[in-house]
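Trainee: Handing over run_1.tsv, TSV, C-alpha atoms and all ligand atoms.
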chain	number	residue	atom	x	y	z
Y	1	LEU	CA	-53.05	38.32	3.58
Y	2	GLU	CA	-52.41	34.69	4.40
Y	3	ASN	CA	-54.94	32.13	5.56
Y	4	ASP	CA	-54.66	30.89	9.15
Y	5	VAL	CA	-52.78	27.71	8.46
Y	6	ARG	CA	-50.25	29.36	6.14
Y	7	ALA	CA	-49.66	32.05	8.74
Y	8	ALA	CA	-49.09	29.35	11.37
Y	9	ALA	CA	-46.71	27.56	9.01
Y	10	LEU	CA	-44.72	30.76	8.53
Y	11	GLY	CA	-44.70	31.30	12.30
Y	12	ALA	CA	-43.48	27.74	12.87
Y	13	HIS	CA	-40.72	28.29	10.33
Y	14	ARG	CA	-39.66	31.57	11.95
Y	15	VAL	CA	-39.70	30.32	15.55
Y	16	LEU	CA	-39.07	26.59	15.47
Y	17	ALA	CA	-37.05	25.76	12.35
Y	18	PRO	CA	-35.74	28.75	10.36
Y	19	GLU	CA	-33.18	26.42	8.75
Y	20	ALA	CA	-35.85	24.12	7.32
Y	21	GLU	CA	-35.91	24.07	3.52
Y	22	VAL	CA	-39.47	22.76	3.45
Y	23	LEU	CA	-41.69	23.01	6.53
Y	24	VAL	CA	-45.27	21.78	6.62
Y	25	PHE	CA	-47.65	22.83	9.39
Y	26	VAL	CA	-50.85	20.79	9.68
Y	27	GLY	CA	-53.82	22.30	11.49
Y	28	LEU	CA	-55.93	19.51	12.99
Y	29	GLY	CA	-58.95	21.41	14.25
Y	30	THR	CA	-62.57	21.49	13.12
Y	31	GLY	CA	-61.13	20.62	9.71
Y	32	VAL	CA	-57.70	19.62	8.42
Y	33	ALA	CA	-55.41	21.81	6.33
Y	34	ALA	CA	-51.69	22.15	5.81
Y	35	GLY	CA	-49.57	25.23	5.27
Y	36	VAL	CA	-46.36	24.75	3.31
Y	37	VAL	CA	-43.29	26.99	3.60
Y	38	ILE	CA	-40.61	26.48	0.97
Y	39	ASP	CA	-37.32	28.40	1.26
Y	40	GLY	CA	-38.94	30.65	3.86
Y	41	ARG	CA	-41.90	31.60	1.67
Y	42	PRO	CA	-45.50	30.34	1.79
Y	43	HIS	CA	-46.37	27.99	-1.05
Y	44	ARG	CA	-49.86	28.65	-2.44
Y	45	GLY	CA	-49.92	26.58	-5.61
Y	46	ALA	CA	-51.58	27.38	-8.95
Y	47	HIS	CA	-55.09	27.44	-7.47
Y	48	GLY	CA	-54.24	28.85	-4.07
Y	49	LEU	CA	-55.25	25.51	-2.57
Y	50	ALA	CA	-51.85	23.95	-1.95
Y	51	GLY	CA	-52.01	22.11	1.35
Y	52	GLU	CA	-55.80	21.70	1.44
Y	53	ILE	CA	-55.30	18.05	2.27
Y	54	GLY	CA	-58.44	17.80	4.44
Y	55	HIS	CA	-60.48	17.17	1.31
Y	56	VAL	CA	-58.32	14.49	-0.21
Y	57	VAL	CA	-60.55	11.42	-0.42
Y	58	ILE	CA	-58.99	8.55	1.47
Y	59	ASP	CA	-62.06	6.30	1.54
Y	60	PRO	CA	-64.50	6.61	-1.40
Y	61	ASP	CA	-67.16	4.79	0.66
Y	62	GLY	CA	-66.48	6.79	3.81
Y	63	GLU	CA	-68.53	9.33	5.73
Y	64	PRO	CA	-70.08	12.25	3.86
Y	65	CYS	CA	-68.01	15.44	4.14
Y	66	GLY	CA	-69.23	19.03	4.38
Y	67	CYS	CA	-67.59	19.73	0.99
Y	68	GLY	CA	-69.98	17.35	-0.79
Y	69	ALA	CA	-67.54	14.49	-1.29
Y	70	GLN	CA	-67.30	11.28	0.73
Y	71	GLY	CA	-64.49	9.93	2.88
Y	72	CYS	CA	-62.28	13.03	2.94
Y	73	LEU	CA	-59.28	12.94	5.29
Y	74	GLU	CA	-60.98	15.37	7.65
Y	75	THR	CA	-63.88	12.97	8.16
Y	76	VAL	CA	-61.34	10.82	10.04
Y	77	ILE	CA	-58.70	12.94	11.74
Y	78	SER	CA	-60.29	16.30	12.61
Y	79	GLY	CA	-61.59	17.29	16.04
Y	80	SER	CA	-65.15	17.24	14.71
Y	81	ALA	CA	-64.60	13.77	13.21
Y	82	VAL	CA	-63.41	12.46	16.58
Y	83	ARG	CA	-66.50	13.95	18.25
Y	84	ARG	CA	-68.84	12.44	15.67
Y	85	ARG	CA	-67.24	8.99	15.59
Y	86	TRP	CA	-66.98	8.75	19.35
Y	87	GLY	CA	-70.49	10.08	19.89
Y	88	VAL	CA	-69.48	11.96	23.00
Y	89	GLU	CA	-70.21	15.68	23.25
Y	90	VAL	CA	-67.15	17.28	24.81
Y	91	ALA	CA	-65.41	20.61	24.32
Y	92	ALA	CA	-61.83	19.37	23.87
Y	93	ALA	CA	-62.50	16.11	22.03
Y	94	GLY	CA	-58.84	15.13	21.67
Y	95	HIS	CA	-57.97	15.48	25.34
Y	96	ALA	CA	-61.16	13.67	26.39
Y	97	LEU	CA	-60.45	10.85	23.94
Y	98	VAL	CA	-56.87	10.44	25.19
Y	99	ALA	CA	-58.05	10.42	28.82
Y	100	ALA	CA	-60.74	7.83	28.08
Y	101	ALA	CA	-58.29	5.62	26.19
Y	102	ALA	CA	-55.79	5.85	29.05
Y	103	ALA	CA	-58.57	4.83	31.47
Y	104	GLY	CA	-59.15	1.66	29.47
Y	105	ASP	CA	-62.01	2.66	27.15
Y	106	THR	CA	-61.32	0.33	24.22
Y	107	ARG	CA	-63.60	2.19	21.80
Y	108	ALA	CA	-61.80	5.46	22.54
Y	109	GLN	CA	-58.48	3.64	22.08
Y	110	GLY	CA	-59.68	2.29	18.73
Y	111	ILE	CA	-60.55	5.77	17.47
Y	112	LEU	CA	-57.23	7.13	18.72
Y	113	ASP	CA	-55.35	4.30	16.97
Y	114	ASP	CA	-57.22	5.06	13.76
Y	115	VAL	CA	-56.35	8.76	14.02
Y	116	VAL	CA	-52.66	7.87	14.46
Y	117	ALA	CA	-52.78	5.44	11.52
Y	118	HIS	CA	-54.16	8.20	9.27
Y	119	LEU	CA	-51.66	10.74	10.59
Y	120	ASP	CA	-48.98	8.25	9.63
Y	121	LEU	CA	-50.32	8.16	6.04
Y	122	MET	CA	-50.61	11.94	5.99
Y	123	VAL	CA	-47.03	12.45	7.18
Y	124	GLN	CA	-45.80	10.13	4.44
Y	125	TRP	CA	-47.73	12.01	1.73
Y	126	LEU	CA	-46.42	15.35	2.95
Y	127	ALA	CA	-42.87	14.11	3.33
Y	128	HIS	CA	-42.79	12.59	-0.14
Y	129	THR	CA	-44.85	15.18	-2.02
Y	130	TYR	CA	-43.27	18.33	-0.64
Y	131	GLY	CA	-39.92	16.91	0.42
Y	132	ALA	CA	-40.62	18.27	3.90
Y	133	ASP	CA	-37.77	18.23	6.38
Y	134	VAL	CA	-39.97	19.37	9.29
Y	135	ILE	CA	-43.65	18.59	9.89
Y	136	VAL	CA	-45.46	20.38	12.72
Y	137	LEU	CA	-48.86	19.21	13.94
Y	138	GLY	CA	-51.08	21.94	15.37
Y	139	GLY	CA	-54.68	22.72	16.15
Y	140	GLY	CA	-56.65	21.11	18.98
Y	141	LEU	CA	-55.68	17.54	18.09
Y	142	GLY	CA	-52.15	18.35	17.00
Y	143	ARG	CA	-51.26	19.75	20.40
Y	144	LEU	CA	-51.99	16.50	22.24
Y	145	GLY	CA	-48.28	15.69	22.39
Y	146	ASP	CA	-47.10	12.28	23.52
Y	147	PRO	CA	-50.37	10.33	23.07
Y	148	LEU	CA	-50.15	11.17	19.36
Y	149	LEU	CA	-46.41	11.56	18.86
Y	150	VAL	CA	-45.18	8.40	20.57
Y	151	PRO	CA	-47.27	5.92	18.51
Y	152	LEU	CA	-46.88	8.03	15.35
Y	153	ARG	CA	-43.09	8.13	15.62
Y	154	HIS	CA	-43.06	4.43	16.42
Y	155	ARG	CA	-44.83	3.69	13.12
Y	156	LEU	CA	-42.50	6.00	11.17
Y	157	ARG	CA	-39.40	4.54	12.81
Y	158	GLU	CA	-40.54	0.97	12.18
Y	159	ARG	CA	-41.11	1.65	8.48
Y	160	ALA	CA	-37.79	3.48	8.17
Y	161	GLY	CA	-36.16	0.35	9.55
Y	162	ARG	CA	-37.66	-1.74	6.77
Y	163	SER	CA	-37.64	0.65	3.82
Y	164	ASP	CA	-34.63	2.47	2.38
Y	165	VAL	CA	-36.97	5.04	0.84
Y	166	ALA	CA	-38.82	5.69	4.09
Y	167	ALA	CA	-35.48	6.02	5.87
Y	168	ARG	CA	-34.47	8.85	3.53
Y	169	VAL	CA	-37.52	11.09	4.03
Y	170	VAL	CA	-38.41	13.18	7.07
Y	171	GLY	CA	-37.14	11.51	10.25
Y	172	PRO	CA	-39.56	10.66	13.08
Y	173	GLU	CA	-37.69	13.13	15.32
Y	174	ARG	CA	-38.53	15.92	12.83
Y	175	VAL	CA	-42.28	15.46	13.33
Y	176	TRP	CA	-43.35	17.74	16.18
Y	177	CYS	CA	-46.45	18.96	17.96
Y	178	ALA	CA	-46.88	22.74	18.02
Y	179	PRO	CA	-45.99	24.18	21.45
Y	180	ALA	CA	-49.28	25.41	22.92
Y	181	GLU	CA	-47.79	28.57	24.45
Y	182	ILE	CA	-46.53	30.11	21.22
Y	183	PRO	CA	-49.13	31.80	18.98
Y	184	LEU	CA	-47.60	30.59	15.71
Y	185	GLY	CA	-50.39	32.15	13.64
Y	186	ALA	CA	-49.80	35.60	15.12
Y	187	VAL	CA	-46.03	35.26	14.69
Y	188	GLY	CA	-46.55	34.25	11.05
Y	189	ALA	CA	-49.01	37.08	10.41
Y	190	ALA	CA	-46.49	39.54	11.87
Y	191	ALA	CA	-43.81	38.09	9.61
Y	192	VAL	CA	-46.09	38.59	6.59
Y	193	ALA	CA	-46.78	42.17	7.59
Y	194	ASP	CA	-43.02	42.59	8.05
Y	195	ALA	CA	-43.73	43.77	11.58
Y	196	PRO	CA	-40.95	44.12	14.18
Y	197	ILE	CA	-39.73	40.71	15.25
Y	198	ARG	CA	-39.94	41.42	18.98
Y	199	PRO	CA	-42.86	38.96	19.48
Y	200	ILE	CA	-40.75	36.24	17.89
Y	201	GLU	CA	-37.83	36.93	20.21
Y	202	GLY	CA	-40.21	36.86	23.18
Y	203	ALA	CA	-41.61	33.55	22.05
Y	204	ALA	CA	-38.14	32.09	21.64
Y	205	ILE	CA	-37.21	33.16	25.16
Y	206	ARG	CA	-40.37	31.63	26.61
Y	207	LEU	CA	-39.61	28.46	24.70
Y	208	ALA	CA	-36.03	28.39	25.98
Y	209	ARG	CA	-37.16	28.70	29.60
Y	210	ARG	CA	-39.54	25.81	29.30
Y	211	PRO	CA	-38.50	22.46	30.71
Y	212	GLU	CA	-38.42	19.45	28.37
Y	213	GLY	CA	-41.89	19.37	26.94
Y	214	ARG	CA	-44.14	16.71	25.53
Y	215	ASP	CA	-44.20	18.20	22.08
Y	216	GLY	CA	-41.19	16.31	20.77
Y	217	LEU	CA	-39.19	19.42	19.95
Y	218	PRO	CA	-35.45	18.85	20.05
Y	219	ALA	CA	-33.58	20.31	23.01
Y	220	SER	CA	-31.52	22.53	20.69
Y	221	ILE	CA	-34.60	24.67	19.98
Y	222	LYS	CA	-35.08	25.23	23.69
Y	223	THR	CA	-31.60	26.47	24.47
Y	301	ZN	ZN	-64.38	17.09	1.96
Written as structure tokens, that's how I'd like the structure from this file.

Mentor:
Amino acid sequence: LENDVRAAALGAHRVLAPEAEVLVFVGLGTGVAAGVVIDGRPHRGAHGLAGEIGHVVIDPDGEPCGCGAQGCLETVISGSAVRRRWGVEVAAAGHALVAAAAAGDTRAQGILDDVVAHLDLMVQWLAHTYGADVIVLGGGLGRLGDPLLVPLRHRLRERAGRSDVAARVVGPERVWCAPAEIPLGAVGAAAVADAPIRPIEGAAIRLARRPEGRDGLPASIKT
């Protein structure tokens, strides 16, 4: 049995990018974790912890993390981190933060900018470490679409314009937000169980009928 994020990564590979050699799905929910699919198979690593990037320390003097360490990535870019840093008790922290920032709340904008800056770092690590050719952001925060993708892609594009190395790794247009209407985890779990692929076909049809979305997926996937 696969963990949730690996199942979602498999589902994303099946539905969104079956041609991808290396696909990384990042769940940005209560915590942060990545699922890696290499040549169509989930990559677990020697300790079964491959992709557990939420507990990579990015700031040794940062906030205490539930794991016992300090300044883990998920103390900055998870849904719970947004809630804690913003100090506002809301159900869908990401959507509330985006709405507040759009309404001119400078503190909300600052937190959003910081989330994007750390996503930028994370995408670079994943692109370089795994040689990812597709990176899909999922979970509550990952499904925000444009408010995350536009500034994130801008940063990636800008760096690619300055750095030959950056220009050769995953392109900004290959960083997507997971489409909210497709249960990637269930699709991936079905793929693991080698279940009939009917749900996948259904998902692909729903995706094809959808008008141009805000998730950054290329039009070719939708047709
Ligand atoms: Zn931690």

Trainee: Which residues of chain Y sit at most 7 Å from ligand ZN 301 (chain Y), using only C-alpha atoms and all ligand atoms? Give each one's shortest atom pair and distance in Å (one decimal place), in chain and ascending residue order, as a tab-separated table.

Mentor:
residue	atom	partner	partner_atom	distance
Y:Gly54	CA	Y:ZN301	ZN	6.5
Y:His55	CA	Y:ZN301	ZN	4.0
Y:Val56	CA	Y:ZN301	ZN	6.9
Y:Cys65	CA	Y:ZN301	ZN	4.5
Y:Gly66	CA	Y:ZN301	ZN	5.8
Y:Cys67	CA	Y:ZN301	ZN	4.3
Y:Gly68	CA	Y:ZN301	ZN	6.2
Y:Ala69	CA	Y:ZN301	ZN	5.2
Y:Gln70	CA	Y:ZN301	ZN	6.6
Y:Cys72	CA	Y:ZN301	ZN	4.7
Y:Glu74	CA	Y:ZN301	ZN	6.8

Trainee: Could you check how far atom CA of Ala191 of chain Y sits from atom CA of Ala7 of chain Y, in Å to one decimal?

Mentor: 8.5 Å

Trainee: Which is closest to Cys177 of chain Y among Y:Glu21, Y:Asp133, Y:Glu158, Y:Asp215, if we use only C-alpha atoms?

Mentor: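 Counting only C-alpha atoms, the residue closest to Cys177 of chain Y is Y:Asp215.
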
Trainee: Find the residues around Gln124 of chain Y up to 10 Å (all atoms listed in the file counted), leave out those fewer than 4 positions away in its own chain, and share them as a list in words.

Mentor: His118, Leu119, Asp120, His128, Thr129, Tyr130, Gly131, Ala132, Leu156, Ala166, Val169 and Val170 of chain Y

Trainee: Name all residues at most 12 Å from Arg107 of chain Y (count all atoms listed in the file; drop same-chain ones fewer than 5 positions away) and give them as a ChimeraX atom specification.

Mentor: /Y:82,85-88,97-98,100-102,112-114

Trainee: With a distance cut-off of 8 Å and all atoms listed in the file, select the neighbouring residues of Gly139 of chain Y, excluding the residue or stretch itself and same-chain residues fewer than 4 positions from it, and output the selection as number ranges by chain.

Mentor: Y: 26-29, 143

Trainee: Quick check, in Å to one decimal: how far apart do atom CA of Leu126 of chain Y and atom CA of Ile111 of chain Y lie?

Mentor: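 For atom CA of Leu126 of chain Y relative to atom CA of Ile111 of chain Y, the distance reads 22.4 Å.
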
Trainee: When you count all atoms listed in the file, which of these residues is closest to Arg41 of chain Y: Y:Ala20, Y:Ala167, Y:Glu63, Y:Leu10?

Mentor: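 Among the listed residues, the smallest separation from Arg41 of chain Y belongs to Y:Leu10.
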
Trainee: So which one's closest to Ala9 of chain Y, Y:Leu49, Y:Ile135, Y:Ser80, Y:Asp146? Using all atoms listed in the file, please.

Mentor: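 Once distances to Ala9 of chain Y are computed over all atoms listed in the file, the minimum belongs to Y:Ile135.
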
Trainee: Which of these residues is nearest to Ala34 of chain Y, using all atoms listed in the file: Y:Leu152, Y:Ala17, Y:Val123, Y:Ile221?

Mentor: Y:Val123

Trainee: Figure out the distance between atom CA of Val134 of chain Y and atom CA of Val165 of chain Y, please, to one decimal in Å.

Mentor: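 According to the coordinates, atom CA of Val165 of chain Y and atom CA of Val134 of chain Y are separated by 16.9 Å.
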
Trainee: Which one of Y:Leu23, Y:Arg168, Y:Gly40, Y:Val76 sits closest to Val57 of chain Y if you count all atoms listed in the file?

Mentor: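 Using all atoms listed in the file, Val57 of chain Y sits closest to Y:Val76.
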
Trainee: Neighbouring residues of Glu52 of chain Y were defined as those with any atom within 10 Å, considering all atoms listed in the file; residues of the same chain fewer than 6 positions away were excluded. Please report them as a list in words.

Mentor: Val5, Val26, Gly31, Val32, Ala33, Ala34, Gly35 and Arg44 of chain Y

Trainee: Could you work out an axis-aligned box for segment 51-54 of chain Y, taking every atom the file lists and adding 5 Å on each side, and report centre and edge lengths in Å to one decimal, as lines of an AutoDock Vina configuration file?

Mentor:
center_x = -55.2
center_y = 20.0
center_z = 2.9
size_x = 16.4
size_y = 14.3
size_z = 13.1

Trainee: With distances taken over all atoms listed in the file, which of Y:Val136, Y:Ala8, Y:Val15, Y:Ile77 is nearest to Trp176 of chain Y?

Mentor: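 Among Y:Val136, Y:Ala8, Y:Val15, Y:Ile77, it is Y:Val136 that comes nearest to Trp176 of chain Y.
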